[in-house]
Amino acid sequence: MSRSISILGVTGSIGQSTIAVVEEMRGQGQDIRVEAITAGQNLSGLADACRALRPKFAAVADAALLAAAREALVGLGVEVGAGESALEEAGARPADWVMSAIVGAAGLAPTMAAVRRGATVALANKECLVCAGPLFINAAKTHGAQLLPVDSEHNAIFQVLTHPQRVEKLTLTASGGPFRTASREVMSTATPEQACAHPKWNMGRKISVDSATLMNKGLELIEASYLFGFPSDSIDVIVHPQSTIHSLVHYVDGSVLAQMATPDMRIPIAYALAWPDRVPVSTARLDLAALGSLTFEAPDASRFPALGLCRAALDSGAAATTALSAANEVAVEAFLAGQIGFLDICRTVEEALGGLERAESGLIAKSPTSFDQVAAVDRAAREAARRIAGSLAAA
Ligand code: NDP
């Protein structure tokens with residue numbers, strides 16, 4: 001294999017797993033050159049990534065860090081950029097394959113820069129799809145970009161979606177997160193550390209909190225609907241604490257195809273990097289006898305209202321999913337900053353969406369037809385969520 005790649009969000013959990021896969025594939029003699037990498041603010045992590053990957057271009061999100069970034073990367077033979085335009089440049093540079101692993105809606109513009117030049121985009125960042133769903137998918141079609149889902153559930157579906165026209169329904173599996181068996185009382189006093197202590201996956205803090213509220217599964221429901229083109233009532237969610245089956249596709253003849261693997265993000269990342277081939281990856285192999293049994297349970301809608309909120313937003317239309325994702329980002333930040341409680345996250349999102357639905361502007365009544373409209377809905381939802389989180393914090 002000979003391929004040039006870029007990694008947006010190289011210092012994060014997915015970014016680091018991508019480096020591990022690249023190093024392993026290079027060790028097997030594959031020719032993988034790195035065009036561009038990006039970080040938010042983590043300069044030492046960016047410097048480590050430059051030493052490991054030898055990219056041509058490295059960018060940080062924070063424009064004020066340009067001089068510090070130049071200093072941190074001096075002698076590494078890399079061109080340095082900072083700010084939003086530099087992130088977009090990283091996506092626009094001519095790499096065959098781009099890993100989209102910035103967290104949140106901040107990933108949208110750089111990922112779109114890759115989509116617009118028809119790149120193969122390995123999509124870990126679910127928020128950019130939830131935020132701009134139909135526009136994002138249409139842009140990929142228009143520009144001939146190939147989207148390869150990296151989220152383990154969507155990657156699983158992608159792997160077993162042999163007959164898209166003959167699908168009865170999809171089932172997304174959920175680990176249940178750290179509060180799967182916790183009471184509402186326990187959840188009401190949960191700390192950021194407890195919420196981020198995921199039983200199966202080691203991930204960034206935002207997605208860890210989303211997994212604890214099950215908002216992550218709701219965002220994935222929206223992601224699956226936009227990516228694979230199925231309505232919300234043909235996508236189920238089931239809690240599967242062992243995180244061994246990563247999702248299932250049910251066909252019209254009663255057959256159900258599932259993808260199984262140990263929970264390790266290097267597997268979907270390697271799948272996306274080698275696609276349409278497969279390459280060896282040194283992950284722990286699935287040992288079914290050691291596992292003994294796989295169990296399943298229905299999600300508890302009363303303790304985890306996020307799933308219902310996401311389903312309702314998906315049924316309302318693309319502006320509602322934009323607003324939901326933006327409000328959730330604000331609510332999770334407020335929780336991680338110790339300003340609001342764990343149960344206040346969903347409350348903030350629900351109230352922000354309710355307020356926008358009632359607003360006379362009708363902002364979320366119809367689907368955005370441009371990325372500017374997406375940005376306007378995103379801004380309004382963030383403002384609403386900040387107000388609500390602020391009053392919950394003061395209460
Ligand atoms: P992390 O928080 O670990 O990493 C996020 C990355 O984005 C870092 O490189 C960070 O830089 C960068 N970043 C943060 N804020 C900004 C910003 N405003 N502008 C530009 N870059 C920024 O997240 P994860 O790796 O866990 O997740 C990344 C994405 O992948 C998310 O959308 C998540 O939902 C998705 N995903 C993650 C999975 C996982 O196992 N981790 C599984 C499936 C999907 P810095 O380090 O400098 O802050």
# chains A, B, ... in the order shown; residues from 1 in each chain; ligands from 1
$ residues_near_ligand --ligand "ligand 1" --cutoff "6 Å" --atoms "only C-alpha atoms and all ligand atoms" --output "PyMOL selection string"
chain A and resi 9-15+39-42+61+101-104+106+124-127+151+203-205+207+265
$ residues_around --residues "Ala312 (chain A)" --least-positions-apart "6" --cutoff "12 Å" --atoms "only C-alpha atoms" --output "list of chain:residue names"
A:Gly218, A:Leu219, A:Leu221, A:Ile222, A:Pro231, A:Ser232, A:Asp233, A:Pro305, A:Ala306, A:Ala318, A:Ala319, A:Ala320, A:Thr321, A:Leu324, A:Glu350, A:Leu353, A:Gly354
$ closest_residue --among "A:Val377, A:Ala395, A:Met260, A:Cys50" --to "Asp287 (chain A)" --atoms "only C-alpha atoms"
A:Met260
$ residues_around --residues "Arg51 (chain A)" --least-positions-apart "5" --cutoff "10 Å" --atoms "only C-alpha atoms" --output "PDB file with all heavy atoms, in the first residue's frame"
ATOM      1  N   GLY A  45       2.078  17.416  22.669  1.00  0.00           N
ATOM      2  CA  GLY A  45       1.515  16.254  21.968  1.00  0.00           C
ATOM      3  C   GLY A  45       1.704  16.378  20.459  1.00  0.00           C
ATOM      4  O   GLY A  45       2.000  15.401  19.771  1.00  0.00           O
ATOM      5  N   LEU A  46       1.577  17.608  19.968  1.00  0.00           N
ATOM      6  CA  LEU A  46       1.744  17.839  18.526  1.00  0.00           C
ATOM      7  C   LEU A  46       3.209  17.597  18.123  1.00  0.00           C
ATOM      8  O   LEU A  46       3.488  16.993  17.072  1.00  0.00           O
ATOM      9  CB  LEU A  46       1.325  19.268  18.186  1.00  0.00           C
ATOM     10  CG  LEU A  46       1.193  19.598  16.709  1.00  0.00           C
ATOM     11  CD1 LEU A  46       0.092  18.765  16.045  1.00  0.00           C
ATOM     12  CD2 LEU A  46       0.890  21.087  16.504  1.00  0.00           C
ATOM     13  N   LEU A  73       7.901  23.209  17.617  1.00  0.00           N
ATOM     14  CA  LEU A  73       8.149  22.290  16.490  1.00  0.00           C
ATOM     15  C   LEU A  73       9.440  22.618  15.742  1.00  0.00           C
ATOM     16  O   LEU A  73       9.701  22.045  14.679  1.00  0.00           O
ATOM     17  CB  LEU A  73       6.957  22.318  15.518  1.00  0.00           C
ATOM     18  CG  LEU A  73       5.570  22.036  16.136  1.00  0.00           C
ATOM     19  CD1 LEU A  73       4.497  21.978  15.056  1.00  0.00           C
ATOM     20  CD2 LEU A  73       5.551  20.735  16.919  1.00  0.00           C
ATOM     21  N   LEU A  76      11.932  20.266  13.434  1.00  0.00           N
ATOM     22  CA  LEU A  76      11.251  19.026  13.029  1.00  0.00           C
ATOM     23  C   LEU A  76      10.923  19.019  11.531  1.00  0.00           C
ATOM     24  O   LEU A  76      10.290  18.090  11.033  1.00  0.00           O
ATOM     25  CB  LEU A  76       9.980  18.823  13.861  1.00  0.00           C
ATOM     26  CG  LEU A  76      10.254  18.544  15.350  1.00  0.00           C
ATOM     27  CD1 LEU A  76       8.972  18.540  16.164  1.00  0.00           C
ATOM     28  CD2 LEU A  76      10.961  17.203  15.511  1.00  0.00           C
ATOM     29  N   GLY A  77      11.339  20.071  10.839  1.00  0.00           N
ATOM     30  CA  GLY A  77      11.165  20.113   9.381  1.00  0.00           C
ATOM     31  C   GLY A  77       9.709  20.183   8.970  1.00  0.00           C
ATOM     32  O   GLY A  77       9.330  19.623   7.937  1.00  0.00           O
ATOM     33  N   VAL A  78       8.898  20.865   9.773  1.00  0.00           N
ATOM     34  CA  VAL A  78       7.462  20.909   9.479  1.00  0.00           C
ATOM     35  C   VAL A  78       7.011  22.367   9.346  1.00  0.00           C
ATOM     36  O   VAL A  78       7.461  23.233  10.083  1.00  0.00           O
ATOM     37  CB  VAL A  78       6.679  20.156  10.591  1.00  0.00           C
ATOM     38  CG1 VAL A  78       6.880  20.779  11.964  1.00  0.00           C
ATOM     39  CG2 VAL A  78       5.199  20.085  10.290  1.00  0.00           C
TER      40      VAL A  78
END
$ closest_residue --among "A:Leu172, A:Ala195, A:Glu329, A:Pro263" --to "Leu307 (chain A)" --atoms "only C-alpha atoms"
A:Leu172
$ residues_around --residues "Phe230 (chain A)" --least-positions-apart "6" --cutoff "9 Å" --atoms "only C-alpha atoms" --output "mmCIF file with N, CA, C and O atoms, in the first residue's frame"
data_model
loop_
_atom_site.group_PDB
_atom_site.id
_atom_site.type_symbol
_atom_site.label_atom_id
_atom_site.label_comp_id
_atom_site.auth_asym_id
_atom_site.auth_seq_id
_atom_site.Cartn_x
_atom_site.Cartn_y
_atom_site.Cartn_z
ATOM 1 N N LYS A 169 -33.930 -3.703 9.533
ATOM 2 C CA LYS A 169 -33.564 -2.686 10.535
ATOM 3 C C LYS A 169 -32.097 -2.839 10.934
ATOM 4 O O LYS A 169 -31.454 -3.851 10.624
ATOM 5 N N LEU A 170 -31.601 -1.809 11.628
ATOM 6 C CA LEU A 170 -30.245 -1.829 12.193
ATOM 7 C C LEU A 170 -30.379 -1.870 13.712
ATOM 8 O O LEU A 170 -31.325 -1.308 14.263
ATOM 9 N N ALA A 224 -26.126 7.230 12.248
ATOM 10 C CA ALA A 224 -26.460 6.047 11.430
ATOM 11 C C ALA A 224 -27.558 6.391 10.430
ATOM 12 O O ALA A 224 -27.514 5.971 9.268
#
$ select_by_dssp --residues "region 135-344 of chain A" --states "alpha helix (DSSP H)" --output "VMD selection string"
chain A and resid 135 to 143 152 to 160 184 to 188 192 to 196 205 to 213 215 to 228 266 to 274 288 to 291 306 to 316 318 to 336 343 to 344
$ residues_around --residues "Gln373 (chain A)" --least-positions-apart "6" --cutoff "12 Å" --atoms "only C-alpha atoms" --output "ChimeraX atom specification"
/A:131-132,135,318-319,322-323,363-364,366-367,379-380
$ residues_around --residues "region 66-70 of chain A" --least-positions-apart "4" --cutoff "7 Å" --atoms "only C-alpha atoms" --output "list in words"
Leu43, Val74, Val80, Gly81 and Ala82 of chain A
$ write_last_selection --atoms "C-alpha atoms" --output "tab-separated table (two decimals), in the first residue's frame"
chain	number	residue	atom	x	y	z
A	43	LEU	CA	1.81	21.62	21.66
A	74	VAL	CA	11.46	23.93	15.62
A	80	VAL	CA	3.44	25.34	11.09
A	81	GLY	CA	0.02	27.02	11.03
A	82	ALA	CA	-2.48	28.22	13.64
$ residues_around --residues "Val115 (chain A)" --least-positions-apart "5" --cutoff "8 Å" --atoms "only C-alpha atoms" --output "list in words"
Thr120, Val121, Ala139, Ala140, His143, Gly144 and Ala145 of chain A
$ atom_distance --atom1 "CA of Glu35 (chain A)" --atom2 "CA of Ala92 (chain A)"
10.2 Å
$ closest_residue --among "A:Ala58, A:Val279, A:Leu291, A:Ala327" --to "Met1 (chain A)" --atoms "only C-alpha atoms"
A:Val279
$ closest_residue --among "A:His154, A:Arg117, A:Arg303, A:Arg285" --to "Ser183 (chain A)" --atoms "only C-alpha atoms"
A:Arg303
